[in-house]
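Engineer: This is the structure, below, for whatever I ask next.
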Amino acid sequence: MSREMIMVENLSKLYKLGEINTGSLSHDLQRVLVRLSGKEDPYRKLAEVNDRKAMPANGYVWSLKDVGFSVNEGEVFGIIGKNGAGKSTLLKLMSKITKPTTGTINVDGRVASLLEVGTGFHPDLSGRENIFLNGAILGMRKQEIKLRFDEIVEFSGIEKYLDTPVKRYSSGMFVRLAFAVAAHLEPEILIIDEVLAVGDAEFQKKCIAKMGDIARQDGRTILFVSHNVSAVKQLCNKAMLLENGMVKALGDVNEVLETYQGNNQDTESGIRSSIPENLPGHFTRWWLSGQSAKGEHTCYTREHFRLNISFQCFEKIRNAEMQFMLRYDDDQVLLHSSSSDFAGQIFDLEPGTHTLSFELALPIRRGHYELETGLWANNRWIDRWISSTKLVVLDTYEGHSRDHSNGILNIRTAFVKKAFQPNAILYEY
Amino acid sequence: MSDITHPRKWRETISARNNIFHLDLKEIWNYRDLLFILVRRDILAVYKQTIFGPLWFFIQPLLTALVYMIVFSRLGKFSTGNIPPTLFYLSGLLIWSYFSECIIRTSTFFKDNTAILSKVYFPRIIIPVSLIITNLVRFFIQGFLFLAIYFYYFFQGVSLVPNAYILLFPLLLLMVMAIGFGGGLIISSLTTKYKDLLHLVSFAIQLLMFLSPVIFPLHQLGDSIYANLIKLNPLTGIIEAFRYGCWGSGYFSWALLGYDAACIMVILFIGIVVFNSVEKNFVDSI
């Protein structure tokens, strides 16, 4: 049975925002007086939950508030959350760089953390010297480092530059070396933050594979913080979602990732806000169905599903044409489709409730999209409706996790590399 | 799991609690390789990109002694007794510059190492310890210079009679190390919060030198208020004892040395307490 290697309870960290050390002497004195009289620190009570949008009135903020979780031996535990959610603070506390305000962290083993590229490297020293320096900083003895030296060099792939000062290294070489040292240290607990973002794709793969080995074969424990959600999904068994310094979701990695993506999802069903009067019929609700539909209004990118729209008809409508539109960023039309497209149908509707469906797949990035439906008949709109519920597209994390900043389309591409042959070009003349 | 019935024994617990009287010598020992690397790095840094390299270790004190000789001995007519002024100043400077270097280097160590301290954990105290040791190397190099000049005058026929008190030297050195370390810890800890102090330090150390017997023998001042003020300086007894051991003249008192030791213990203790209370949270204030 696996045992707990890390147990975190009620962990909180208070930060003072704004200009550092302004008026802190008076605050300090006040605090000392209050503490001497045995009361609670007045500034702690005032502190607010860490919300990026609102600047707290008093300048004190909880960067982490009552965070608790435990990680077992051999587990890879993912920590995700937006910028400023408290991930870095948590790692700083766990790596003993700064102290918690309240709560405890229990660890059962040596902790090595890789918080930033090239920390603990000295620019003027050579790669070789830096391996020893970095190892020593991470708490290794010289003998241990010597034993693993060749392995570290081989993994990092910097043999040629071993005696070059690291200030001449590229950032990619830096990460390789840093990761290689940390990964070969054999700490019982390894903390890794975002470092993979710097390396090239091949090295990222290598790192992820190495981390998997560390956890599965050696039974060591890894805490992994990353924006690369597909790496988290691939590596981690359990995960935690942080939001505004608090635990939003904790448990199985897939469930946590779903919560992360669908954070702002509306839960109400797709019902319109007002029903137009004096119409022969109108839309009432919409929902998704099919194997890949994740919920009533959620689907996965690139996977087939059925979009169903309910239409209530009061009088017979002839020559009707069903249309829908998807928008993002409020006004950009992404897709406009009609039942008459692709040699489709123009149909008649009898009074009663009808379900009008489209089958489709959306090769678009994860996000929230606005759905507008319309029924067109006899040269006029019977009903046009913009649903107050958004259609949510989730990522499957098969590739790199990306959002709208990387373009709207999410299309699978295949890469081919051919060797460059300069001679061939020369002799063409 | 059995945790509920048997409270789990963790290897390490991180919490808000903080034992400010604690000096974890075992942890420092575990990190001795890091200590060694840091010392080596700092010493090599002196050689690199300078023309004279390690010669600077000699040039600095020699020039200072020369300046003192001109200003205090020739112009100011301060007597150094029957001891040649150069030798006299070098003996005082040897101890004093070690002390002041320790204080000045240590006082900025949080600031100088922010990048690494805010990214990785290792016992923070390793850095001030490494600075004390690095300066020790410099101290010994300057010690050789002192010895060379000592023997030069010795064979010139100047009356220099070393005596058994020279055996106190290791103890005296240990005392200077302790006060440099303790004082440096106090100042470095306070500067993390109140940065104005940094500007004061080197100035204050210079002033303090005039409250020490570096530039004149204590016994020549008799029992004046100034002499008593100088005796309050915990380095006074150490410098005087060192000189007494070297050439058998000057002011030596066990009482003064005892007072110095007590002062140093207090400074060292306060240093560790203050250091422990800022060490764990200083990252938040930079």
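In the structure tokens, the first chain shown is A, the next is B, and so on; residue numbers restart at 1 for each chain, and ligands run from 1 in the order shown.
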Could you write out, as a ChimeraX atom specification, all the residues of region 128-214 of chain B that DSSP marks as helix (DSSP H, G or I)?

Structural biologist: /B:128-155,164-193,197-209

Engineer: Give me, as a VMD selection string, the contact residues of chain A against chain B at a cut-off of 6 Å, counting only C-alpha atoms.

Structural biologist: chain A and resid 96 to 108 120 136

Engineer: Mind checking which residues fall within 8 Å of Pro351 (chain A), counting only C-alpha atoms, ignoring those fewer than 2 positions away in the same chain, and posting them as a compact mmCIF listing (two decimals) with all heavy atoms, in the first residue's frame?

Structural biologist:
```
# COMPACT_ATOMS: atom_id res chain seq x y z
N GLN A 312 -41.25 25.07 -31.11
CA GLN A 312 -42.67 24.88 -30.84
C GLN A 312 -43.48 25.58 -31.93
O GLN A 312 -43.32 26.78 -32.16
CB GLN A 312 -43.03 25.46 -29.47
CG GLN A 312 -44.35 24.94 -28.99
CD GLN A 312 -44.55 25.17 -27.51
OE1 GLN A 312 -43.81 25.94 -26.90
NE2 GLN A 312 -45.54 24.53 -26.92
N CYS A 313 -44.34 24.81 -32.60
CA CYS A 313 -45.05 25.33 -33.76
C CYS A 313 -46.55 25.44 -33.43
O CYS A 313 -47.14 24.52 -32.88
CB CYS A 313 -44.83 24.37 -34.94
SG CYS A 313 -45.53 24.93 -36.47
N PHE A 314 -47.17 26.61 -33.76
CA PHE A 314 -48.59 26.79 -33.45
C PHE A 314 -49.45 26.65 -34.71
O PHE A 314 -50.56 26.16 -34.65
CB PHE A 314 -48.82 28.16 -32.80
CG PHE A 314 -48.00 28.35 -31.56
CD1 PHE A 314 -46.99 29.30 -31.50
CD2 PHE A 314 -48.23 27.54 -30.44
CE1 PHE A 314 -46.25 29.46 -30.35
CE2 PHE A 314 -47.49 27.71 -29.30
CZ PHE A 314 -46.49 28.66 -29.25
N GLU A 315 -48.94 27.13 -35.85
CA GLU A 315 -49.66 26.95 -37.10
C GLU A 315 -48.74 26.29 -38.10
O GLU A 315 -47.53 26.40 -37.98
CB GLU A 315 -50.13 28.29 -37.68
CG GLU A 315 -50.14 29.39 -36.70
CD GLU A 315 -50.38 30.76 -37.30
OE1 GLU A 315 -50.14 30.95 -38.51
OE2 GLU A 315 -50.80 31.64 -36.53
N LYS A 316 -49.31 25.71 -39.09
CA LYS A 316 -48.50 25.03 -40.11
C LYS A 316 -47.58 26.02 -40.83
O LYS A 316 -47.99 27.12 -41.21
CB LYS A 316 -49.42 24.34 -41.13
CG LYS A 316 -48.61 23.60 -42.16
CD LYS A 316 -49.46 22.55 -42.86
CE LYS A 316 -48.60 21.90 -43.93
NZ LYS A 316 -49.10 20.58 -44.30
N LEU A 349 -43.61 22.30 -41.40
CA LEU A 349 -43.77 21.97 -39.98
C LEU A 349 -45.24 21.99 -39.60
O LEU A 349 -45.95 22.96 -39.87
CB LEU A 349 -43.02 22.99 -39.11
CG LEU A 349 -41.48 22.89 -39.08
CD1 LEU A 349 -40.92 24.09 -38.34
CD2 LEU A 349 -41.04 21.59 -38.44
N THR A 353 -44.49 20.25 -31.10
CA THR A 353 -43.09 20.51 -30.75
C THR A 353 -42.18 19.65 -31.60
O THR A 353 -42.36 18.44 -31.68
CB THR A 353 -42.84 20.22 -29.25
OG1 THR A 353 -43.75 21.01 -28.50
CG2 THR A 353 -41.43 20.56 -28.85
```

Engineer: Using only C-alpha atoms, which residues sit within 12 Å of region 210-225 of chain B once same-chain residues fewer than 6 positions away are excluded, as a PyMOL selection string?

Structural biologist: chain B and resi 64-65+67-73+76-97+203-204+231-244+249-253

Engineer: Export C-alpha atoms of the chosen residues as a PDB file, in the first residue's frame?

Structural biologist:
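Saved the output as selection-v7.pdb:
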```
ATOM      1  CA  THR B  64      46.803  51.638   3.791  1.00  0.00           C
ATOM      2  CA  ALA B  65      49.739  51.195   6.164  1.00  0.00           C
ATOM      3  CA  VAL B  67      48.973  56.240   4.171  1.00  0.00           C
ATOM      4  CA  TYR B  68      48.634  55.829   7.944  1.00  0.00           C
ATOM      5  CA  MET B  69      52.372  56.165   8.316  1.00  0.00           C
ATOM      6  CA  ILE B  70      52.349  59.470   6.466  1.00  0.00           C
ATOM      7  CA  VAL B  71      49.175  60.856   8.017  1.00  0.00           C
ATOM      8  CA  PHE B  72      49.361  59.674  11.608  1.00  0.00           C
ATOM      9  CA  SER B  73      53.030  58.993  12.230  1.00  0.00           C
ATOM     10  CA  GLY B  76      50.120  63.723  13.169  1.00  0.00           C
ATOM     11  CA  LYS B  77      53.174  62.746  15.250  1.00  0.00           C
ATOM     12  CA  PHE B  78      51.329  59.842  16.880  1.00  0.00           C
ATOM     13  CA  SER B  79      53.919  57.678  18.514  1.00  0.00           C
ATOM     14  CA  THR B  80      53.907  53.951  17.984  1.00  0.00           C
ATOM     15  CA  GLY B  81      56.413  53.406  20.793  1.00  0.00           C
ATOM     16  CA  ASN B  82      59.559  51.605  19.858  1.00  0.00           C
ATOM     17  CA  ILE B  83      57.797  49.576  17.191  1.00  0.00           C
ATOM     18  CA  PRO B  84      58.299  50.638  13.539  1.00  0.00           C
ATOM     19  CA  PRO B  85      55.088  52.364  12.387  1.00  0.00           C
ATOM     20  CA  THR B  86      54.593  50.157   9.294  1.00  0.00           C
ATOM     21  CA  LEU B  87      54.727  46.999  11.372  1.00  0.00           C
ATOM     22  CA  PHE B  88      52.536  48.539  14.038  1.00  0.00           C
ATOM     23  CA  TYR B  89      49.816  49.622  11.617  1.00  0.00           C
ATOM     24  CA  LEU B  90      49.931  46.336   9.731  1.00  0.00           C
ATOM     25  CA  SER B  91      49.367  44.375  12.930  1.00  0.00           C
ATOM     26  CA  GLY B  92      46.290  46.402  13.762  1.00  0.00           C
ATOM     27  CA  LEU B  93      45.040  46.467  10.195  1.00  0.00           C
ATOM     28  CA  LEU B  94      45.419  42.722   9.864  1.00  0.00           C
ATOM     29  CA  ILE B  95      42.781  42.133  12.503  1.00  0.00           C
ATOM     30  CA  TRP B  96      40.715  45.219  11.815  1.00  0.00           C
ATOM     31  CA  SER B  97      40.380  44.720   8.062  1.00  0.00           C
ATOM     32  CA  PHE B 203      30.747  54.713   7.364  1.00  0.00           C
ATOM     33  CA  ALA B 204      30.103  53.451  10.894  1.00  0.00           C
ATOM     34  CA  LYS B 231      38.333  49.750  25.834  1.00  0.00           C
ATOM     35  CA  LEU B 232      34.576  49.422  25.319  1.00  0.00           C
ATOM     36  CA  ASN B 233      35.281  48.279  21.757  1.00  0.00           C
ATOM     37  CA  PRO B 234      35.368  44.477  21.942  1.00  0.00           C
ATOM     38  CA  LEU B 235      38.193  44.367  19.406  1.00  0.00           C
ATOM     39  CA  THR B 236      40.533  46.457  21.519  1.00  0.00           C
ATOM     40  CA  GLY B 237      41.614  43.686  23.852  1.00  0.00           C
ATOM     41  CA  ILE B 238      42.120  41.340  20.912  1.00  0.00           C
ATOM     42  CA  ILE B 239      44.355  43.706  18.948  1.00  0.00           C
ATOM     43  CA  GLU B 240      46.372  44.604  22.031  1.00  0.00           C
ATOM     44  CA  ALA B 241      46.798  40.963  23.040  1.00  0.00           C
ATOM     45  CA  PHE B 242      47.967  40.106  19.535  1.00  0.00           C
ATOM     46  CA  ARG B 243      50.582  42.874  19.594  1.00  0.00           C
ATOM     47  CA  TYR B 244      51.690  41.960  23.085  1.00  0.00           C
ATOM     48  CA  SER B 249      55.199  45.484  24.728  1.00  0.00           C
ATOM     49  CA  GLY B 250      51.835  47.162  24.941  1.00  0.00           C
ATOM     50  CA  TYR B 251      48.755  46.637  27.004  1.00  0.00           C
ATOM     51  CA  PHE B 252      47.615  43.191  27.949  1.00  0.00           C
ATOM     52  CA  SER B 253      44.784  42.437  30.362  1.00  0.00           C
TER      53      SER B 253
END
```

Engineer: May I have the residues within 12 Å of Ser88 (chain A) as a PyMOL selection string, using only C-alpha atoms and disregarding those fewer than 2 positions away in the same chain?

Structural biologist: (chain A and resi 13+63-64+79-86+90-95+97-98+113-116+191-194+223-226+242+245) or (chain B and resi 118-119)

Engineer: If I take CA of Leu229 (chain B) and CA of Leu256 (chain B), how far is one from the other in Å, to one decimal?

Structural biologist: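 That distance, rounded to one decimal, is 12.5 Å.
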
Engineer: Hey, what's within 12 Å of Ala231 (chain A) if we count only C-alpha atoms and toss same-chain stuff fewer than 2 positions away? As number ranges by chain, please?

Structural biologist: A: 76-80, 194, 196-197, 201, 204-209, 211-212, 224-229, 233-237, 253, 257, 396-401

Engineer: Deliver the residues from the most recent selection as a file, using C-alpha atoms, as a JSON list (two decimals), in the first residue's frame.

Structural biologist:
```json
[["chain", "number", "residue", "atom", "x", "y", "z"],
["A", 76, "VAL", "CA", 2.61, 12.54, -10.10],
["A", 77, "PHE", "CA", 0.45, 15.32, -8.76],
["A", 78, "GLY", "CA", -0.52, 18.15, -11.09],
["A", 79, "ILE", "CA", -1.23, 21.68, -9.98],
["A", 80, "ILE", "CA", -3.11, 23.87, -12.42],
["A", 194, "GLU", "CA", 6.86, 25.32, -15.88],
["A", 196, "LEU", "CA", 9.39, 22.49, -19.77],
["A", 197, "ALA", "CA", 7.97, 25.51, -21.53],
["A", 201, "ALA", "CA", 9.39, 19.63, -28.37],
["A", 204, "GLN", "CA", 9.89, 18.12, -23.60],
["A", 205, "LYS", "CA", 8.93, 14.61, -24.60],
["A", 206, "LYS", "CA", 12.13, 13.31, -23.11],
["A", 207, "CYS", "CA", 11.48, 15.15, -19.85],
["A", 208, "ILE", "CA", 7.94, 13.91, -19.60],
["A", 209, "ALA", "CA", 9.10, 10.37, -20.23],
["A", 211, "MET", "CA", 9.34, 12.09, -15.07],
["A", 212, "GLY", "CA", 7.09, 9.15, -15.75],
["A", 224, "PHE", "CA", 4.13, 19.18, -11.43],
["A", 225, "VAL", "CA", 2.92, 22.69, -12.16],
["A", 226, "SER", "CA", 2.30, 23.55, -15.76],
["A", 227, "HIS", "CA", 0.26, 25.46, -18.25],
["A", 228, "ASN", "CA", 0.84, 22.61, -20.63],
["A", 229, "VAL", "CA", -2.39, 20.86, -19.83],
["A", 233, "LYS", "CA", -3.07, 14.95, -18.46],
["A", 234, "GLN", "CA", -0.42, 12.63, -19.77],
["A", 235, "LEU", "CA", 1.67, 12.52, -16.63],
["A", 236, "CYS", "CA", -0.48, 13.02, -13.60],
["A", 237, "ASN", "CA", -2.81, 10.68, -11.81],
["A", 253, "VAL", "CA", -6.82, 14.46, -13.19],
["A", 257, "LEU", "CA", -9.08, 19.36, -16.04],
["A", 396, "THR", "CA", -8.89, 16.67, -25.73],
["A", 397, "TYR", "CA", -5.23, 17.48, -25.14],
["A", 398, "GLU", "CA", -3.97, 15.29, -27.90],
["A", 399, "GLY", "CA", -1.51, 17.91, -28.91],
["A", 400, "HIS", "CA", -0.39, 21.08, -27.27],
["A", 401, "SER", "CA", -3.06, 22.72, -25.23]]
```

Engineer: Nearest to Thr221 (chain A) among A:Glu186, A:Asp252, A:Asp329, A:Asp66, with distances taken over only C-alpha atoms: which residue is it?

Structural biologist: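 Looking at the shortest contact to Thr221 (chain A), the residue is A:Glu186.
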
Engineer: Nearest to Leu307 (chain A) among A:Asp331, A:Glu350, A:Asp163, A:Glu359, with distances taken over only C-alpha atoms: which residue is it?

Structural biologist: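 For Leu307 (chain A), the nearest of the given residues is A:Glu359.
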
Engineer: Quick one: distance from CA of Arg128 (chain A) to CA of Thr164 (chain A) in Å, one decimal?

Structural biologist: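 Result for CA of Arg128 (chain A) versus CA of Thr164 (chain A): 8.4 Å, one decimal.
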